[in-house]
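Asks: Below you'll find target09.txt; it's compact mmCIF, C-alpha atoms.
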# COMPACT_ATOMS: atom_id res chain seq x y z
CA ASP A 234 -70.10 59.39 -96.31
CA ALA A 235 -70.07 62.68 -94.39
CA GLY A 236 -66.38 63.26 -94.92
CA VAL A 237 -63.99 64.62 -92.32
CA ILE A 238 -65.93 66.72 -89.82
CA GLN A 239 -64.29 69.51 -87.88
CA SER A 240 -65.62 71.80 -85.18
CA PRO A 241 -65.84 74.63 -84.53
CA ARG A 242 -65.74 76.13 -88.03
CA HIS A 243 -64.89 79.54 -86.64
CA GLU A 244 -63.62 80.62 -83.25
CA VAL A 245 -62.56 83.97 -81.88
CA THR A 246 -60.94 83.88 -78.47
CA GLU A 247 -58.89 86.09 -76.22
CA MET A 248 -55.21 85.63 -75.67
CA GLY A 249 -54.53 83.25 -72.79
CA GLN A 250 -57.69 81.22 -73.23
CA GLU A 251 -57.72 77.51 -73.95
CA VAL A 252 -58.80 76.45 -77.42
CA THR A 253 -59.94 72.95 -78.32
CA LEU A 254 -60.44 71.91 -81.93
CA ARG A 255 -62.21 68.67 -82.75
CA CYS A 256 -62.11 66.24 -85.62
CA LYS A 257 -64.06 63.19 -86.69
CA PRO A 258 -62.23 61.30 -89.44
CA ILE A 259 -63.84 59.24 -92.15
CA SER A 260 -64.92 55.89 -90.81
CA GLY A 261 -62.39 53.17 -91.57
CA HIS A 262 -59.46 55.53 -92.14
CA ASN A 263 -56.51 54.65 -89.97
CA SER A 264 -54.39 57.79 -90.30
CA LEU A 265 -55.28 61.25 -89.07
CA PHE A 266 -53.38 64.48 -89.63
CA TRP A 267 -53.54 67.97 -88.15
CA TYR A 268 -52.29 70.81 -90.35
CA ARG A 269 -52.03 74.54 -89.80
CA GLN A 270 -52.27 77.02 -92.64
CA THR A 271 -51.23 80.67 -92.58
CA MET A 272 -50.40 83.17 -95.27
CA MET A 273 -46.83 83.46 -94.04
CA ARG A 274 -45.95 79.80 -93.57
CA GLY A 275 -48.34 78.00 -95.88
CA LEU A 276 -49.53 74.49 -94.99
CA GLU A 277 -47.65 72.92 -92.08
CA LEU A 278 -48.07 69.40 -90.76
CA LEU A 279 -48.39 69.57 -86.97
CA ILE A 280 -48.87 65.92 -86.05
CA TYR A 281 -50.18 62.70 -87.45
CA PHE A 282 -51.60 59.54 -85.96
CA ASN A 283 -51.63 56.02 -87.29
CA ASN A 284 -54.10 53.64 -85.65
CA ASN A 285 -54.65 56.23 -82.91
CA VAL A 286 -50.94 56.38 -82.03
CA PRO A 287 -49.00 59.64 -82.57
CA ILE A 288 -46.29 58.88 -85.12
CA ASP A 289 -44.69 62.25 -85.76
CA ASP A 290 -45.30 65.35 -83.68
CA SER A 291 -42.19 67.21 -84.76
CA GLY A 292 -44.34 69.89 -86.35
CA MET A 293 -46.07 70.85 -83.12
CA PRO A 294 -44.76 74.38 -82.52
CA GLU A 295 -44.34 74.26 -78.76
CA ASP A 296 -45.61 72.80 -75.53
CA ARG A 297 -48.72 74.95 -75.63
CA PHE A 298 -49.99 72.62 -78.35
CA SER A 299 -51.19 69.10 -77.64
CA ALA A 300 -53.15 66.54 -79.63
CA LYS A 301 -54.94 63.38 -78.66
CA MET A 302 -56.75 60.59 -80.42
CA PRO A 303 -58.55 58.56 -77.78
CA ASN A 304 -60.28 56.37 -80.36
CA ALA A 305 -60.51 55.81 -84.10
CA SER A 306 -63.36 58.25 -84.56
CA PHE A 307 -62.24 61.33 -82.65
CA SER A 308 -59.25 63.59 -82.23
CA THR A 309 -58.59 66.92 -80.52
CA LEU A 310 -56.00 69.62 -80.94
CA LYS A 311 -55.62 71.82 -77.89
CA ILE A 312 -53.83 75.14 -77.48
CA GLN A 313 -53.29 76.34 -73.92
CA PRO A 314 -52.69 79.20 -73.45
CA SER A 315 -53.51 80.64 -76.85
CA GLU A 316 -51.57 83.56 -78.36
CA PRO A 317 -52.34 85.90 -81.27
CA ARG A 318 -49.68 84.21 -83.42
CA ASP A 319 -51.73 81.00 -83.23
CA SER A 320 -54.36 82.62 -85.45
CA ALA A 321 -54.64 80.36 -88.51
CA VAL A 322 -56.82 77.80 -90.21
CA TYR A 323 -56.40 74.36 -88.69
CA PHE A 324 -57.20 71.42 -90.94
CA CYS A 325 -57.82 67.85 -89.97
CA ALA A 326 -57.38 65.16 -92.62
CA SER A 327 -57.78 61.42 -92.73
CA TYR A 328 -56.25 58.77 -94.92
CA GLY A 329 -57.20 55.19 -95.46
CA SER A 330 -55.04 52.16 -96.03
CA GLY A 331 -56.43 51.53 -99.48
CA GLY A 332 -53.03 50.86 -100.93
CA LYS A 333 -50.85 52.81 -103.31
CA GLY A 334 -52.26 56.15 -104.30
CA SER A 335 -54.86 56.40 -101.56
CA THR A 336 -56.44 59.82 -101.25
CA ILE A 337 -56.18 62.02 -98.18
CA TYR A 338 -59.44 63.81 -97.33
CA PHE A 339 -59.50 67.17 -95.64
CA GLY A 340 -62.10 68.72 -93.43
CA GLU A 341 -63.29 72.24 -94.10
CA GLY A 342 -61.02 73.68 -91.44
CA SER A 343 -61.35 75.50 -88.14
CA TRP A 344 -60.68 79.22 -88.56
CA LEU A 345 -59.09 80.45 -85.32
CA THR A 346 -58.58 84.08 -84.40
CA VAL A 347 -56.83 84.92 -81.13
CA VAL A 348 -57.13 88.57 -80.12
CA GLY B 84 -35.69 62.06 -97.45
CA ASN B 85 -38.96 62.90 -99.11
CA SER B 86 -39.74 66.38 -100.33
CA VAL B 87 -41.74 68.25 -102.92
CA THR B 88 -40.72 71.51 -104.56
CA GLN B 89 -43.20 73.52 -106.54
CA MET B 90 -42.92 76.80 -108.33
CA GLU B 91 -43.35 79.95 -106.32
CA GLY B 92 -46.50 81.90 -106.81
CA PRO B 93 -48.58 83.78 -107.16
CA VAL B 94 -49.45 83.12 -110.77
CA THR B 95 -51.84 85.46 -112.55
CA LEU B 96 -53.24 84.56 -115.95
CA SER B 97 -55.91 85.82 -118.28
CA GLU B 98 -58.88 83.61 -119.02
CA GLU B 99 -58.15 80.97 -121.72
CA ALA B 100 -54.39 81.18 -121.18
CA PHE B 101 -52.23 78.07 -120.90
CA LEU B 102 -51.21 77.05 -117.38
CA THR B 103 -48.13 75.23 -116.16
CA ILE B 104 -47.26 74.82 -112.49
CA ASN B 105 -43.97 73.03 -111.99
CA CYS B 106 -43.45 70.34 -109.37
CA THR B 107 -40.38 68.23 -108.70
CA TYR B 108 -39.88 65.67 -105.98
CA THR B 109 -37.28 63.78 -104.03
CA ALA B 110 -38.16 60.33 -102.76
CA THR B 111 -36.83 56.87 -102.27
CA GLY B 112 -38.56 54.07 -104.08
CA TYR B 113 -41.64 54.66 -106.19
CA PRO B 114 -44.01 57.19 -104.68
CA SER B 115 -47.48 58.10 -105.85
CA LEU B 116 -47.89 61.73 -106.91
CA PHE B 117 -50.86 64.02 -106.44
CA TRP B 118 -52.20 67.46 -107.15
CA TYR B 119 -54.61 68.91 -104.62
CA VAL B 120 -56.61 72.10 -105.06
CA GLN B 121 -57.88 74.49 -102.40
CA TYR B 122 -60.65 76.88 -103.39
CA PRO B 123 -61.17 80.00 -101.27
CA GLY B 124 -62.57 79.22 -97.83
CA GLU B 125 -62.39 75.46 -98.29
CA GLY B 126 -60.14 72.54 -97.43
CA LEU B 127 -57.87 70.78 -99.90
CA GLN B 128 -59.38 68.28 -102.29
CA LEU B 129 -57.83 65.83 -104.68
CA LEU B 130 -57.54 67.10 -108.25
CA LEU B 131 -55.63 64.25 -109.88
CA LYS B 132 -53.04 61.59 -109.18
CA ALA B 133 -50.61 59.14 -110.78
CA THR B 134 -49.26 56.04 -109.12
CA LYS B 135 -46.42 54.94 -111.39
CA ALA B 136 -43.95 56.28 -113.91
CA ASP B 137 -45.38 57.56 -117.21
CA ASP B 138 -48.94 57.57 -115.82
CA LYS B 139 -50.96 60.64 -116.67
CA GLY B 140 -53.51 61.92 -114.20
CA SER B 141 -56.31 64.10 -115.51
CA ASN B 142 -59.41 65.84 -114.21
CA LYS B 143 -61.44 68.97 -115.08
CA GLY B 144 -59.13 69.70 -118.02
CA PHE B 145 -55.99 69.53 -115.87
CA GLU B 146 -53.25 67.01 -116.62
CA ALA B 147 -49.98 65.91 -115.07
CA THR B 148 -47.58 63.19 -116.17
CA TYR B 149 -45.38 61.24 -113.75
CA ARG B 150 -41.82 61.65 -115.11
CA LYS B 151 -39.39 59.47 -113.21
CA GLU B 152 -36.39 60.49 -115.30
CA THR B 153 -36.83 64.15 -114.36
CA THR B 154 -38.58 63.47 -110.99
CA SER B 155 -41.35 65.83 -112.03
CA PHE B 156 -45.14 66.04 -112.03
CA HIS B 157 -45.97 69.36 -113.67
CA LEU B 158 -49.60 70.48 -113.72
CA GLU B 159 -50.99 71.79 -117.02
CA LYS B 160 -54.25 73.10 -118.39
CA GLY B 161 -54.77 74.31 -121.92
CA SER B 162 -57.32 77.02 -121.21
CA VAL B 163 -57.91 78.29 -117.70
CA GLN B 164 -61.16 79.77 -116.42
CA VAL B 165 -61.87 82.27 -113.68
CA SER B 166 -63.29 79.41 -111.62
CA ASP B 167 -59.84 77.77 -111.59
CA SER B 168 -58.57 80.48 -109.27
CA ALA B 169 -57.32 78.56 -106.23
CA VAL B 170 -54.18 77.33 -104.49
CA TYR B 171 -52.64 74.19 -106.00
CA PHE B 172 -50.54 71.76 -103.97
CA CYS B 173 -48.27 69.05 -105.30
CA ALA B 174 -47.82 66.06 -102.98
CA LEU B 175 -46.21 62.66 -102.80
CA ASP B 176 -47.06 59.50 -100.94
CA GLN B 177 -44.05 57.38 -100.10
CA THR B 178 -45.22 53.80 -100.41
CA GLY B 179 -45.64 52.24 -97.02
CA ALA B 180 -45.11 55.48 -95.12
CA ASN B 181 -48.84 56.17 -94.76
CA ASN B 182 -48.12 59.87 -94.95
CA LEU B 183 -48.25 62.62 -97.54
CA PHE B 184 -45.62 65.27 -98.19
CA PHE B 185 -46.97 68.53 -99.59
CA GLY B 186 -45.33 71.32 -101.51
CA THR B 187 -45.81 74.89 -100.36
CA GLY B 188 -48.69 75.58 -102.72
CA THR B 189 -49.02 77.89 -105.72
CA ARG B 190 -51.76 80.48 -105.80
CA LEU B 191 -53.39 80.91 -109.20
CA THR B 192 -55.55 83.88 -110.05
CA VAL B 193 -57.36 83.93 -113.38
CA ILE B 194 -58.69 87.29 -114.53
CA PRO B 195 -61.47 87.76 -117.06
Kindly transcribe the structure held in the file into structure tokens.
Replies:
Amino acid sequence: DAGVIQSPRHEVTEMGQEVTLRCKPISGHNSLFWYRQTMMRGLELLIYFNNNVPIDDSGMPEDRFSAKMPNASFSTLKIQPSEPRDSAVYFCASYGSGGKGSTIYFGEGSWLTVV
Amino acid sequence: GNSVTQMEGPVTLSEEAFLTINCTYTATGYPSLFWYVQYPGEGLQLLLKATKADDKGSNKGFEATYRKETTSFHLEKGSVQVSDSAVYFCALDQTGANNLFFGTGTRLTVIP
């Protein structure tokens, strides 16, 4: 299995531009998570989906952030307009319904720098 | 509610020293407990887990025992190596919630 695939791996963009991060979860996993990681705030859960439906988006920092999961194999996290304080590593993770103790699998992250 | 509290870092140890990273949790019911590790420049990956009280998870020389009476899942290793330098996250999975709750992470640096 290829694991959780994220793109782009690295992006540098100017303030005010739109940023779209993409994620392909592991086939058969029915939960998908978007996390943000910074030195100051650590690992923060932004939003998670179960069976393509957003369950909890309370971690989304503000209206500039939006996430979609149009089907079981694809999700996007969009920032519009981007700001320097959005610079972080954004992780996508997926989680199967294999019962108690199932493992969550992380992608390698999208490293975003907004200048 | 569900939460995980782990010891503040960073932790710096000499090679071959003994490691303990404390983790305590709050949860209803009987959660599963995990330790994830993040090496520099990579995503998190599962290190070990335990799904019921008194279970011991182990991997790569690391161990953690699920202690229901103290609601703890402390990570230990008898002799750390430079290659163990990473950030370690404690997490819990509330049964049926289909979600994971992570601690804030503890950065470990092992010096030769």
Asks: With only C-alpha atoms as the counted atoms, please give the residues lying no more than 9 Å from Asn285 of chain A, apart from itself and same-chain residues fewer than 5 positions off, as number ranges by chain.
Replies: A: 263-265, 301-305, 308
Asks: Excluding segment 334-341 of chain A and any residue of its chain fewer than 3 positions from it, enumerate the residues within 10 Å of it, using all atoms listed in the file, and give them as number ranges by chain.
Replies: A: 236-240, 242, 256-259, 262, 264-268, 322-331, 344; B: 114-117, 119, 124-129, 131-135, 175-178, 181-183
Asks: From the set A:Leu310, A:Ser260, A:Leu345, A:Arg297, which residue has the shortest atom-to-atom contact distance to Tyr281 of chain A, counting only C-alpha atoms?
Replies: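 Once distances to Tyr281 of chain A are computed over only C-alpha atoms, the minimum belongs to A:Leu310.
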Asks: Figure out the distance between atom CA of Lys151 of chain B and atom CA of Thr192 of chain B, please, to one decimal in Å.
Replies: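 Value for the atom CA of Thr192 of chain B-atom CA of Lys151 of chain B distance: 29.4 Å.
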Asks: Would you list the contacts of Val348 of chain A as an MDAnalysis selection string, taking every protein, DNA or RNA residue within 9 Å and counting all atoms listed in the file, but skipping same-chain residues closer than 2 positions in sequence?
Replies: chainID A and resid 245:248 316:317 320 346
Asks: Would you mind listing what lies within 10 Å of Ala147 of chain B as a PyMOL selection string, with all atoms listed in the file counted and same-chain residues fewer than 6 positions away left out?
Replies: chain B and resi 103-106+116-118+131-133+137-141+155-160
Asks: From the options A:Ala300, A:Met272, A:Met293, A:Ala235, which residue's atoms come nearest to chain B, counting all atoms listed in the file?
Replies: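 Answer, going by the shortest atom-to-atom distance: A:Met272.
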Asks: Keeping all heavy atoms (and nothing else), can you write segment 145-156 of chain B of this structure as a PDB file, in the first residue's frame?
Replies:
ATOM      1  N   PHE B 145      11.516   0.123  23.105  1.00  0.00           N
ATOM      2  CA  PHE B 145      10.612   0.963  23.888  1.00  0.00           C
ATOM      3  C   PHE B 145       9.488   0.110  24.470  1.00  0.00           C
ATOM      4  O   PHE B 145       9.042  -0.845  23.840  1.00  0.00           O
ATOM      5  CB  PHE B 145       9.995   2.060  23.017  1.00  0.00           C
ATOM      6  CG  PHE B 145      10.955   3.113  22.567  1.00  0.00           C
ATOM      7  CD1 PHE B 145      11.678   2.967  21.390  1.00  0.00           C
ATOM      8  CD2 PHE B 145      11.147   4.268  23.312  1.00  0.00           C
ATOM      9  CE1 PHE B 145      12.570   3.930  20.970  1.00  0.00           C
ATOM     10  CE2 PHE B 145      12.029   5.251  22.894  1.00  0.00           C
ATOM     11  CZ  PHE B 145      12.739   5.077  21.728  1.00  0.00           C
ATOM     12  N   GLU B 146       9.030   0.502  25.656  1.00  0.00           N
ATOM     13  CA  GLU B 146       7.909  -0.184  26.298  1.00  0.00           C
ATOM     14  C   GLU B 146       6.993   0.828  26.951  1.00  0.00           C
ATOM     15  O   GLU B 146       7.445   1.894  27.376  1.00  0.00           O
ATOM     16  CB  GLU B 146       8.414  -1.137  27.394  1.00  0.00           C
ATOM     17  CG  GLU B 146       9.196  -2.315  26.911  1.00  0.00           C
ATOM     18  CD  GLU B 146       9.591  -3.222  28.064  1.00  0.00           C
ATOM     19  OE1 GLU B 146       9.584  -2.762  29.217  1.00  0.00           O
ATOM     20  OE2 GLU B 146       9.907  -4.395  27.795  1.00  0.00           O
ATOM     21  N   ALA B 147       5.718   0.456  27.058  1.00  0.00           N
ATOM     22  CA  ALA B 147       4.770   1.248  27.838  1.00  0.00           C
ATOM     23  C   ALA B 147       3.678   0.317  28.332  1.00  0.00           C
ATOM     24  O   ALA B 147       3.210  -0.543  27.574  1.00  0.00           O
ATOM     25  CB  ALA B 147       4.173   2.382  27.011  1.00  0.00           C
ATOM     26  N   THR B 148       3.276   0.480  29.585  1.00  0.00           N
ATOM     27  CA  THR B 148       2.257  -0.378  30.178  1.00  0.00           C
ATOM     28  C   THR B 148       1.004   0.436  30.479  1.00  0.00           C
ATOM     29  O   THR B 148       1.081   1.516  31.081  1.00  0.00           O
ATOM     30  CB  THR B 148       2.769  -1.032  31.470  1.00  0.00           C
ATOM     31  OG1 THR B 148       3.933  -1.813  31.161  1.00  0.00           O
ATOM     32  CG2 THR B 148       1.698  -1.947  32.084  1.00  0.00           C
ATOM     33  N   TYR B 149      -0.119  -0.080  30.072  1.00  0.00           N
ATOM     34  CA  TYR B 149      -1.428   0.560  30.271  1.00  0.00           C
ATOM     35  C   TYR B 149      -1.829   0.373  31.728  1.00  0.00           C
ATOM     36  O   TYR B 149      -2.156  -0.728  32.157  1.00  0.00           O
ATOM     37  CB  TYR B 149      -2.417  -0.148  29.353  1.00  0.00           C
ATOM     38  CG  TYR B 149      -3.801   0.433  29.191  1.00  0.00           C
ATOM     39  CD1 TYR B 149      -4.389   0.423  27.942  1.00  0.00           C
ATOM     40  CD2 TYR B 149      -4.538   0.919  30.255  1.00  0.00           C
ATOM     41  CE1 TYR B 149      -5.683   0.893  27.743  1.00  0.00           C
ATOM     42  CE2 TYR B 149      -5.822   1.392  30.072  1.00  0.00           C
ATOM     43  CZ  TYR B 149      -6.402   1.381  28.823  1.00  0.00           C
ATOM     44  OH  TYR B 149      -7.666   1.841  28.625  1.00  0.00           O
ATOM     45  N   ARG B 150      -1.807   1.465  32.499  1.00  0.00           N
ATOM     46  CA  ARG B 150      -2.129   1.419  33.934  1.00  0.00           C
ATOM     47  C   ARG B 150      -3.451   2.135  34.162  1.00  0.00           C
ATOM     48  O   ARG B 150      -3.504   3.370  34.185  1.00  0.00           O
ATOM     49  CB  ARG B 150      -1.031   2.103  34.753  1.00  0.00           C
ATOM     50  CG  ARG B 150       0.352   1.521  34.569  1.00  0.00           C
ATOM     51  CD  ARG B 150       0.535   0.276  35.378  1.00  0.00           C
ATOM     52  NE  ARG B 150       1.945  -0.177  35.349  1.00  0.00           N
ATOM     53  CZ  ARG B 150       2.315  -1.417  35.535  1.00  0.00           C
ATOM     54  NH1 ARG B 150       1.405  -2.371  35.745  1.00  0.00           N
ATOM     55  NH2 ARG B 150       3.596  -1.739  35.515  1.00  0.00           N
ATOM     56  N   LYS B 151      -4.502   1.358  34.334  1.00  0.00           N
ATOM     57  CA  LYS B 151      -5.819   1.972  34.506  1.00  0.00           C
ATOM     58  C   LYS B 151      -5.934   2.658  35.863  1.00  0.00           C
ATOM     59  O   LYS B 151      -6.565   3.702  36.008  1.00  0.00           O
ATOM     60  CB  LYS B 151      -6.908   0.915  34.340  1.00  0.00           C
ATOM     61  CG  LYS B 151      -8.320   1.456  34.214  1.00  0.00           C
ATOM     62  CD  LYS B 151      -9.291   0.382  33.819  1.00  0.00           C
ATOM     63  CE  LYS B 151     -10.664   0.968  33.530  1.00  0.00           C
ATOM     64  NZ  LYS B 151     -11.240   1.647  34.687  1.00  0.00           N
ATOM     65  N   GLU B 152      -5.297   2.064  36.878  1.00  0.00           N
ATOM     66  CA  GLU B 152      -5.447   2.620  38.231  1.00  0.00           C
ATOM     67  C   GLU B 152      -4.818   4.000  38.364  1.00  0.00           C
ATOM     68  O   GLU B 152      -5.273   4.820  39.160  1.00  0.00           O
ATOM     69  CB  GLU B 152      -4.855   1.647  39.262  1.00  0.00           C
ATOM     70  CG  GLU B 152      -3.371   1.404  39.152  1.00  0.00           C
ATOM     71  CD  GLU B 152      -2.984   0.345  38.132  1.00  0.00           C
ATOM     72  OE1 GLU B 152      -3.849  -0.042  37.300  1.00  0.00           O
ATOM     73  OE2 GLU B 152      -1.815  -0.077  38.148  1.00  0.00           O
ATOM     74  N   THR B 153      -3.778   4.248  37.564  1.00  0.00           N
ATOM     75  CA  THR B 153      -3.137   5.570  37.608  1.00  0.00           C
ATOM     76  C   THR B 153      -3.397   6.357  36.324  1.00  0.00           C
ATOM     77  O   THR B 153      -2.850   7.453  36.149  1.00  0.00           O
ATOM     78  CB  THR B 153      -1.618   5.431  37.803  1.00  0.00           C
ATOM     79  OG1 THR B 153      -1.084   4.567  36.789  1.00  0.00           O
ATOM     80  CG2 THR B 153      -1.292   4.867  39.177  1.00  0.00           C
ATOM     81  N   THR B 154      -4.236   5.829  35.447  1.00  0.00           N
ATOM     82  CA  THR B 154      -4.532   6.421  34.120  1.00  0.00           C
ATOM     83  C   THR B 154      -3.250   6.909  33.453  1.00  0.00           C
ATOM     84  O   THR B 154      -3.132   8.085  33.060  1.00  0.00           O
ATOM     85  CB  THR B 154      -5.572   7.550  34.215  1.00  0.00           C
ATOM     86  OG1 THR B 154      -5.080   8.623  35.030  1.00  0.00           O
ATOM     87  CG2 THR B 154      -6.876   7.033  34.759  1.00  0.00           C
ATOM     88  N   SER B 155      -2.285   6.002  33.326  1.00  0.00           N
ATOM     89  CA  SER B 155      -1.003   6.380  32.764  1.00  0.00           C
ATOM     90  C   SER B 155      -0.545   5.399  31.701  1.00  0.00           C
ATOM     91  O   SER B 155      -1.005   4.237  31.646  1.00  0.00           O
ATOM     92  CB  SER B 155       0.053   6.474  33.876  1.00  0.00           C
ATOM     93  OG  SER B 155       0.285   5.192  34.444  1.00  0.00           O
ATOM     94  N   PHE B 156       0.392   5.870  30.870  1.00  0.00           N
ATOM     95  CA  PHE B 156       0.964   5.042  29.800  1.00  0.00           C
ATOM     96  C   PHE B 156       2.360   5.594  29.534  1.00  0.00           C
ATOM     97  O   PHE B 156       2.659   6.089  28.462  1.00  0.00           O
ATOM     98  CB  PHE B 156       0.063   5.113  28.559  1.00  0.00           C
ATOM     99  CG  PHE B 156       0.349   4.078  27.505  1.00  0.00           C
ATOM    100  CD1 PHE B 156       0.355   2.727  27.792  1.00  0.00           C
ATOM    101  CD2 PHE B 156       0.568   4.469  26.191  1.00  0.00           C
ATOM    102  CE1 PHE B 156       0.599   1.773  26.812  1.00  0.00           C
ATOM    103  CE2 PHE B 156       0.814   3.530  25.194  1.00  0.00           C
ATOM    104  CZ  PHE B 156       0.823   2.185  25.506  1.00  0.00           C
TER     105      PHE B 156
END
